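Taking it in order: structure first as structure tokens, then the write-up.
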Amino acid sequence: MTEHPNAVAVRRSFEAWNSGRLDVLGEYFGEYFTDDAVLHFAGNNAMSGTYRGRDAVMDALARARRGRVTQSDVESVLASDDHVIVFFHLTSERDGKTLDVVQVMAIKVNAEGKLTEAWFLVNDQRGFDQFWS
């Protein structure tokens, strides 16, 4: 069975993230994201908030990656023409702290197949907040 094109796009983006290739992720932005895409991080920490537009989203992703050993292993992708849900196992290290959580990324997709809005939710919000504080 062929995987939905939106699932393929998400998997490619995670591969770029895991390789540390934010330049490639930036190239994907034009292909897979609208210019006014919105990214939401839940919680009460340094990453929490809403990021609007290409520059703000890419800056947030670069900040999340900067100076860290980070791995996001995709566990499941559920995709349709309108939505994508990604479950992934996230491990990260920074400033002597470690993070080991399952995160969910809920994504809205427009009629052209581009991401318009995404939410990051985590199974251990308290641990996530402590990691980023």
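Quick note on naming: the chains in the structure tokens go A, B, ... in the order shown, residues restart at 1 in each chain, and ligands are numbered from 1 in order of appearance.
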Query - Non-local contacts of range 71-80 of chain A (6 Å; only C-alpha atoms; under 6 positions in same chain excluded) as JSON, numbers by chain - result: {"A": [7, 18, 86, 87, 88, 89, 90, 91]}
Query raised in the report: Mind pulling up the distance from CA of Asp82 in chain A to CA of Ala60 in chain A?
Result: 24.2 Å
Among chain A, which residues does DSSP mark as strand (DSSP E or B) when it is run on the backbone? Keep the chain and numbering as in the structure and answer as a short mmCIF file (atom, residue, chain, number, x, y, z; two decimals) with N, CA and C atoms, in the first residue's frame.
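Printed below is part-v1.cif as written:
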data_model
loop_
_atom_site.label_atom_id
_atom_site.label_comp_id
_atom_site.auth_asym_id
_atom_site.auth_seq_id
_atom_site.Cartn_x
_atom_site.Cartn_y
_atom_site.Cartn_z
N PHE A 33 5.04 23.87 3.36
CA PHE A 33 4.40 24.78 4.30
C PHE A 33 3.91 26.02 3.56
N THR A 34 2.83 26.62 4.07
CA THR A 34 2.43 27.93 3.55
C THR A 34 3.37 28.97 4.15
N ASP A 35 3.50 30.11 3.49
CA ASP A 35 4.39 31.16 4.00
C ASP A 35 3.91 31.71 5.34
N ASP A 36 2.61 31.61 5.59
CA ASP A 36 2.05 32.13 6.84
C ASP A 36 1.73 31.00 7.84
N ALA A 37 2.44 29.88 7.71
CA ALA A 37 2.22 28.75 8.61
C ALA A 37 2.36 29.18 10.07
N VAL A 38 1.61 28.47 10.94
CA VAL A 38 1.60 28.77 12.37
C VAL A 38 1.99 27.51 13.12
N LEU A 39 2.89 27.67 14.09
CA LEU A 39 3.37 26.55 14.90
C LEU A 39 3.10 26.87 16.37
N HIS A 40 2.48 25.91 17.09
CA HIS A 40 2.15 26.10 18.50
C HIS A 40 2.92 25.08 19.35
N PHE A 41 3.59 25.57 20.39
CA PHE A 41 4.21 24.70 21.39
C PHE A 41 3.44 24.90 22.69
N GLY A 49 4.53 28.75 23.07
CA GLY A 49 4.02 29.92 22.38
C GLY A 49 3.58 29.60 20.97
N THR A 50 3.23 30.66 20.26
CA THR A 50 2.77 30.56 18.89
C THR A 50 3.75 31.30 18.00
N TYR A 51 4.17 30.63 16.94
CA TYR A 51 5.13 31.19 15.98
C TYR A 51 4.42 31.32 14.64
N ARG A 52 4.40 32.53 14.10
CA ARG A 52 3.65 32.80 12.87
C ARG A 52 4.59 33.20 11.73
N VAL A 69 21.85 17.52 21.56
CA VAL A 69 21.80 16.20 20.93
C VAL A 69 20.32 15.84 20.95
N THR A 70 19.71 15.75 19.79
CA THR A 70 18.26 15.53 19.70
C THR A 70 17.96 14.47 18.66
N GLN A 71 17.01 13.60 18.98
CA GLN A 71 16.56 12.57 18.05
C GLN A 71 15.05 12.46 18.15
N SER A 72 14.38 12.47 17.02
CA SER A 72 12.93 12.30 16.96
C SER A 72 12.62 11.11 16.07
N ASP A 73 12.25 10.00 16.71
CA ASP A 73 11.95 8.77 15.97
C ASP A 73 10.46 8.65 15.75
N VAL A 74 10.05 8.71 14.49
CA VAL A 74 8.64 8.62 14.14
C VAL A 74 8.12 7.23 14.49
N GLU A 75 7.04 7.19 15.24
CA GLU A 75 6.40 5.93 15.60
C GLU A 75 5.21 5.63 14.70
N SER A 76 4.38 6.65 14.44
CA SER A 76 3.19 6.47 13.59
C SER A 76 2.86 7.78 12.91
N VAL A 77 2.35 7.66 11.68
CA VAL A 77 1.85 8.81 10.95
C VAL A 77 0.47 8.46 10.42
N LEU A 78 -0.49 9.29 10.76
CA LEU A 78 -1.85 9.15 10.26
C LEU A 78 -2.11 10.35 9.36
N ALA A 79 -2.44 10.12 8.09
CA ALA A 79 -2.53 11.23 7.16
C ALA A 79 -3.78 11.14 6.30
N HIS A 83 -5.46 16.57 7.21
CA HIS A 83 -4.75 16.52 8.49
C HIS A 83 -3.66 15.46 8.47
N VAL A 84 -2.66 15.68 9.34
CA VAL A 84 -1.64 14.68 9.61
C VAL A 84 -1.43 14.67 11.12
N ILE A 85 -1.34 13.48 11.68
CA ILE A 85 -1.00 13.31 13.09
C ILE A 85 0.27 12.46 13.11
N VAL A 86 1.30 12.96 13.80
CA VAL A 86 2.57 12.24 13.91
C VAL A 86 2.84 11.96 15.38
N PHE A 87 3.08 10.71 15.71
CA PHE A 87 3.52 10.32 17.04
C PHE A 87 5.01 10.03 16.92
N PHE A 88 5.82 10.66 17.79
CA PHE A 88 7.25 10.40 17.71
C PHE A 88 7.88 10.38 19.10
N HIS A 89 8.92 9.58 19.21
CA HIS A 89 9.69 9.46 20.44
C HIS A 89 10.82 10.46 20.37
N LEU A 90 10.83 11.40 21.30
CA LEU A 90 11.82 12.48 21.32
C LEU A 90 12.78 12.28 22.47
N THR A 91 14.06 12.26 22.16
CA THR A 91 15.09 12.27 23.19
C THR A 91 16.00 13.46 22.91
N SER A 92 16.42 14.10 24.00
CA SER A 92 17.26 15.27 23.84
C SER A 92 18.09 15.48 25.10
N GLU A 93 19.22 16.17 24.93
CA GLU A 93 20.10 16.53 26.04
C GLU A 93 20.49 17.99 25.88
N ARG A 94 20.48 18.71 27.01
CA ARG A 94 20.94 20.09 27.01
C ARG A 94 21.29 20.50 28.43
N LYS A 97 20.70 18.25 31.29
CA LYS A 97 19.34 17.72 31.43
C LYS A 97 19.06 16.75 30.30
N THR A 98 18.21 15.76 30.56
CA THR A 98 17.78 14.83 29.50
C THR A 98 16.27 14.87 29.39
N LEU A 99 15.81 14.59 28.20
CA LEU A 99 14.38 14.53 27.91
C LEU A 99 14.11 13.23 27.16
N ASP A 100 13.07 12.53 27.55
CA ASP A 100 12.67 11.27 26.90
C ASP A 100 11.15 11.21 26.96
N VAL A 101 10.50 11.63 25.88
CA VAL A 101 9.04 11.75 25.86
C VAL A 101 8.48 11.25 24.54
N VAL A 102 7.18 11.07 24.52
CA VAL A 102 6.46 10.86 23.27
C VAL A 102 5.74 12.16 22.98
N GLN A 103 5.94 12.63 21.76
CA GLN A 103 5.32 13.88 21.37
C GLN A 103 4.38 13.60 20.20
N VAL A 104 3.34 14.43 20.12
CA VAL A 104 2.39 14.35 19.02
C VAL A 104 2.41 15.68 18.30
N MET A 105 2.44 15.62 16.99
CA MET A 105 2.33 16.82 16.18
C MET A 105 1.05 16.69 15.37
N ALA A 106 0.08 17.57 15.66
CA ALA A 106 -1.18 17.61 14.93
C ALA A 106 -1.07 18.71 13.88
N ILE A 107 -1.35 18.37 12.64
CA ILE A 107 -1.10 19.28 11.52
C ILE A 107 -2.36 19.47 10.68
N LYS A 108 -2.65 20.73 10.34
CA LYS A 108 -3.70 21.06 9.37
C LYS A 108 -3.04 21.27 8.02
N VAL A 109 -3.66 20.75 6.97
CA VAL A 109 -3.12 20.84 5.62
C VAL A 109 -4.17 21.50 4.72
N LEU A 115 1.23 22.48 4.76
CA LEU A 115 0.95 22.66 6.17
C LEU A 115 0.58 24.11 6.43
N THR A 116 -0.54 24.31 7.13
CA THR A 116 -0.95 25.67 7.49
C THR A 116 -0.79 25.94 8.98
N GLU A 117 -0.97 24.88 9.80
CA GLU A 117 -0.89 25.07 11.24
C GLU A 117 -0.52 23.74 11.89
N ALA A 118 0.27 23.81 12.96
CA ALA A 118 0.69 22.60 13.65
C ALA A 118 0.78 22.85 15.15
N TRP A 119 0.47 21.82 15.92
CA TRP A 119 0.53 21.87 17.37
C TRP A 119 1.44 20.75 17.85
N PHE A 120 2.35 21.06 18.76
CA PHE A 120 3.18 20.06 19.42
C PHE A 120 2.61 19.82 20.81
N LEU A 121 2.29 18.57 21.10
CA LEU A 121 1.77 18.16 22.41
C LEU A 121 2.63 17.01 22.90
N VAL A 122 2.79 16.91 24.22
CA VAL A 122 3.71 15.93 24.77
C VAL A 122 3.05 15.13 25.89
#
Query raised in the report: Taking into account only C-alpha atoms, which residue in the set A:Gly127, A:Asp55, A:Tyr32, A:Ser133 is nearest to Arg12 in chain A?
Result: A:Tyr32
Report summary line: What separates CA of Asp129 in chain A and CA of Ser13 in chain A is a distance of 24.3 Å
Neighbour list for Ala62 in chain A as a short mmCIF file (atom, residue, chain, number, x, y, z; two decimals) with C-alpha atoms, in the first residue's frame, cut-off 12 Å, only C-alpha atoms, skip fewer than 6 positions in-chain:
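The result, written out as result_15.cif:
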data_model
loop_
_atom_site.label_atom_id
_atom_site.label_comp_id
_atom_site.auth_asym_id
_atom_site.auth_seq_id
_atom_site.Cartn_x
_atom_site.Cartn_y
_atom_site.Cartn_z
CA TRP A 17 15.52 17.27 11.41
CA GLY A 20 20.60 18.30 11.72
CA ARG A 21 19.98 19.68 8.23
CA LEU A 22 17.88 22.75 9.00
CA ASP A 23 18.90 24.07 5.59
CA LEU A 25 14.15 21.63 6.33
CA GLY A 26 14.11 25.26 5.18
CA MET A 47 9.70 27.12 23.66
CA ASP A 55 10.92 33.15 9.65
CA ALA A 56 9.38 32.74 13.10
CA ARG A 68 21.54 19.88 21.64
CA THR A 70 18.26 15.53 19.70
#
